[in-house]
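All remarks here apply to the structure that follows.
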Amino acid sequence: MIVKTNQDEIQSYLVDASNFKGSCSAVYIPENETELIELVKKLYQSDTPFTISGAGTGLTGGRVALEGVIISTEKFNKIIEINTEEEFVVVHSGVYLSNLIDELKSIGYFYPPDPTEKNCFIGGTIANNASGAKTFKYGATRNFVQEIDLVLSDGDQLNLQRGKHLANGNNLIFYTSSGKEITIIIPNIHLPVTKNASGYFLKNGMDAIDLFIGSEGTLGIITKAKLKIVKLPEKVLSAVCFFDNEIDAIRFIDEAREISYSNRIKNFTNSIDALALEFFDNFSLKFLQDDFPQIPSLSNGAVWFEQETNSEYEEQLLEQWLQLIFKHNCSDENVWFATNDKERKDIENFRHAISWKVNDYISKNNLRKLGTDVAVPDNQMIDFYNYLVSTMSLSELNYVLYGHLGNSHFHLNILPKNENEFLIGKEVYKSICLKAIELKGTISAEHGIGKIKREYLLSMFGKELIDEMKRIKLQFDPKNLLNRGNLFFNQEEK
């Protein structure tokens with residue numbers, strides 16, 4: 001067990017990619033599950049709050065302690081098994097996603113959930129039900145988690161295998177390794193009809209494992225996971241299309257999505273079925289111009305799309321995509337096509353650059369991130385886009401707007417120049433979240449709630465449902481010691 005108490009040594013554990021900062025008295029780094037369980041039992045007995053720290057790539061302050069101590073899972077870093085016959089991997093929670101991707105690629109496989117930041121821990125992606133560009137086709141992390149091992153706040157253990165523990169209506173029963181029975185009553189809740197990572201997943205007849213996926217470390221500490229993997233496609237068609245008008249780009253995505261859904265249902269293998277559909281507004285392109293001078297100077301919006309394909313259908317698919325591109329007023333001269341792995345990687349770098357440049361801007365100005373993670377039902381996407389543009393124009397704040405619009409999922413990042421603009425931006429951010437709720441969408445589609453978005457979670461579900469979620473937490477963590485402050489306000493903070 002490594003223990004750090006020198007404040008200079010532990011500062012890196014007290015901040016995340018949102019620039020949210022906290023404090024703690026010590027950082028514990030257990031080297032195996034036995035050390036972790038012994039530590040957790042001691043902390044439980046002494047009523048010491050403890051926060052689980054992953055790689056620090058989160059954007060909501062979830063891994064940042066405000067009191068007590070931190071437990072880092074960085075030594076839980078082994079890929080235990082890769083099984084290509086049954087197509088699964090078993091990994092410790094502290095394995096970097098980037099390392100898993102590289103290992104799988106070397107044998108012709110991949111793990112579809114792909115958040116922009118690959119230097120995250122697998123445990124963190126499960127705790128937040130993370131997703132990324134490929135979510136449009138494959139869905140979020142939840143779809144790939146088959147089994148997890150957990151340590152509860154008192155040191156007891158829990159193993160959950162998908163399909164083996166289902167709710168009986170709204171009753172869900174868990175049995176820990178010590179034989180303790182934990183029963184929860186699932187409240188009536190209307191989850192958004194869109195990609196969602198806000199609060200606990202609760203649904204009549206649900207699988208027990210799904211309660212922990214996306215629970216942001218508030219119910220248990222993930223130590224190990226079994227995950228589904230997928231064979232790499234023979235080829236991937238990848239392109240960035242630059243449009244003269246943002247609305248043309250938006251409408252291109254809207255039609256490409258509907259065509260993809262239709263062809264997917266019909267099981268057509270030789271027609272448009274996007275893997276990813278991503279949007280960049282005019283300000284995003286200007287923000288990237290210095291790093292990517294080859295961006296067409298007159299473009300005011302862009303779309304990155306990908307589709308899995310093979311040698312037999314590649315030309316046919318390319319022609320279908322070009323027809324759709326032309327229909328929405330984009331010429332082939334304003335399209336970057338990737339014809340090999342290097343060019344595809346260059347396009348991926350372009351797509352991911354906007355995220356790290358925003359985070360770099362926030363860090364340099366020592367401000368907290370004001371980046372939305374909202375999603376709305378697909379039939380509301382264009383109206384919501386218009387609302388965002390109008391709202392930001394009235395605010396007179398600098399911003400960039402991009403995101404996974406295949407899932408009607410918007411990342412609008414406000415770029416304040418000073419503290420006063422930051423405070424104005426907070427009010428604008430709040431109005432955007434409330435509008436997404438009004439449209440039956442979500443305040444968080446992939447980043448989670450953490451400590452930054454708790455008030456918006458309350459607005460989304462209301463006090464009664466939040467209190468129900470709190471009661472569920474107390475069933476697993478009766479002293480409210482584990483990741484205290486994530487999702488819910490503590491009594492003393494009200």
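Residues are named by chain letter and number: chains run A, B, ... in the order of the structure tokens, numbers start at 1 in each chain, and ligands are numbered from 1 in the order shown.
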Would you give me, as a Markdown table, each residue of region 276-307 of chain A having an atom within 10 Å of an atom of region 250-261 of chain A, along with its shortest atom pair and that distance in Å to one decimal, using only C-alpha atoms and sorting by chain and residue number?
```
| residue | atom | partner | partner_atom | distance |
| --- | --- | --- | --- | --- |
| A:Ala276 | CA | A:Arg257 | CA | 9.4 |
| A:Leu277 | CA | A:Ile253 | CA | 6.5 |
| A:Glu278 | CA | A:Ile253 | CA | 8.0 |
| A:Phe279 | CA | A:Ile250 | CA | 7.5 |
| A:Phe280 | CA | A:Ile250 | CA | 9.5 |
| A:Asp281 | CA | A:Ile250 | CA | 9.4 |
| A:Gly301 | CA | A:Ile250 | CA | 8.7 |
| A:Ala302 | CA | A:Ile250 | CA | 8.9 |
| A:Val303 | CA | A:Ile253 | CA | 7.6 |
| A:Trp304 | CA | A:Ile253 | CA | 9.5 |
| A:Phe305 | CA | A:Ile253 | CA | 8.9 |
| A:Gln307 | CA | A:Ser260 | CA | 10.0 |
```
Please provide the set of residues having any atom within 9 Å of region 425-430 of chain A, restricted to only C-alpha atoms, with same-chain residues fewer than 5 positions apart removed, written as a PyMOL selection string. chain A and resi 370-372+391-392+395+397+412+414-416+420+435+456
Taking a cut-off of 10 Å and counting only C-alpha atoms, can you build a table that, for each residue of region 334-439 of chain A near region 224-248 of chain A, reports the nearest atom pair and how far apart they are in Å (one decimal), sorted by chain then residue number, as CSV?
```
residue,atom,partner,partner_atom,distance
A:Asn334,CA,A:Phe242,CA,5.4
A:Val335,CA,A:Cys241,CA,4.4
A:Trp336,CA,A:Val240,CA,5.1
A:Phe337,CA,A:Ala239,CA,4.5
A:Ala338,CA,A:Ser238,CA,5.5
A:Thr339,CA,A:Leu237,CA,7.8
A:Asn340,CA,A:Lys235,CA,9.0
A:Asp341,CA,A:Val236,CA,9.0
A:Glu343,CA,A:Ser238,CA,8.8
A:Arg344,CA,A:Ser238,CA,6.3
A:Lys345,CA,A:Ser238,CA,9.6
A:Ile347,CA,A:Val240,CA,7.3
A:Glu348,CA,A:Ser238,CA,9.0
A:Phe350,CA,A:Val240,CA,9.2
A:Arg351,CA,A:Val240,CA,9.0
A:Ile382,CA,A:Ile247,CA,8.5
A:Tyr385,CA,A:Ile247,CA,9.0
A:Asn386,CA,A:Ile247,CA,9.0
```
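Atom pair CA of Pro49 (chain A) / CA of Leu457 (chain A) has a distance of 22.6 Å (rounded to one decimal).
Of the listed residues (A:Ala353, A:Leu150, A:Ile437, A:Leu219), A:Leu219 comes nearest to Pro478 (chain A); the distances count only C-alpha atoms.
Taking only C-alpha atoms into account, Tyr109 (chain A) lies nearest to A:Thr84 out of the set A:Thr84, A:Gly123, A:Val389, A:Lys203.
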Taking the chain letters and numbering used in this document, name the residues of region 107-310 of chain A that DSSP puts in alpha helix (DSSP H), as a count of residues only. 42
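When CA of Gly62 (chain A) is paired with CA of Asp16 (chain A), their separation reads 8.3 Å.
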Excluding same-chain residues fewer than 2 positions from region 154-169 of chain A, what lies within 8 Å of it counting only C-alpha atoms, as a list in words? Ile37, Glu38, Val40, Lys41, Tyr44, Gln45, Val145, Gln146, Glu147, Ile148, Asp149, Leu150, Val151, Leu152, Asn171, Leu172, Ile173, Phe174, Tyr175, Thr176, Ser177, Ser178, Asn204, Gly205, Met206, Asp207, Ala208, Ile209 and Asp477 of chain A
Residues at most 9 Å from Ser271 (chain A), counting only C-alpha atoms, excluding those fewer than 6 positions away in the same chain, as a list in words? Ile259, Ser260, Asn263, Tyr313, Gln316, Leu317 and Gln320 of chain A
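Distance check against Ser444 (chain A) using only C-alpha atoms: of A:Glu319, A:Glu103, A:Asp373, A:Glu9, the minimum falls on A:Asp373.
The closest residue to Phe461 (chain A), picked from A:Thr442, A:Ser431, A:Thr48, A:Thr5 and counting only C-alpha atoms, is A:Thr442.
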Between CA of Ile362 (chain A) and CA of Ala55 (chain A), what is the distance, to one decimal in Å? 18.8 Å
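Of the residues under consideration (A:Asn270, A:Ser12, A:Thr141, A:Ser390), A:Asn270 shows the shortest atom-to-atom contact distance to Ser311 (chain A) when counting only C-alpha atoms.
For the residues A:Leu394, A:Met381, A:Ile122, A:Leu367, ranking by smallest atom-to-atom distance to Lys21 (chain A) using only C-alpha atoms places A:Leu367 first.
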What residues in region 125-310 of chain A get the DSSP label strand (DSSP E or B)? Please answer as number ranges by chain. A: 145-151, 157-161, 166, 168, 171-175, 181-185, 207, 221-228, 230-231, 235-243, 276-281, 301-309
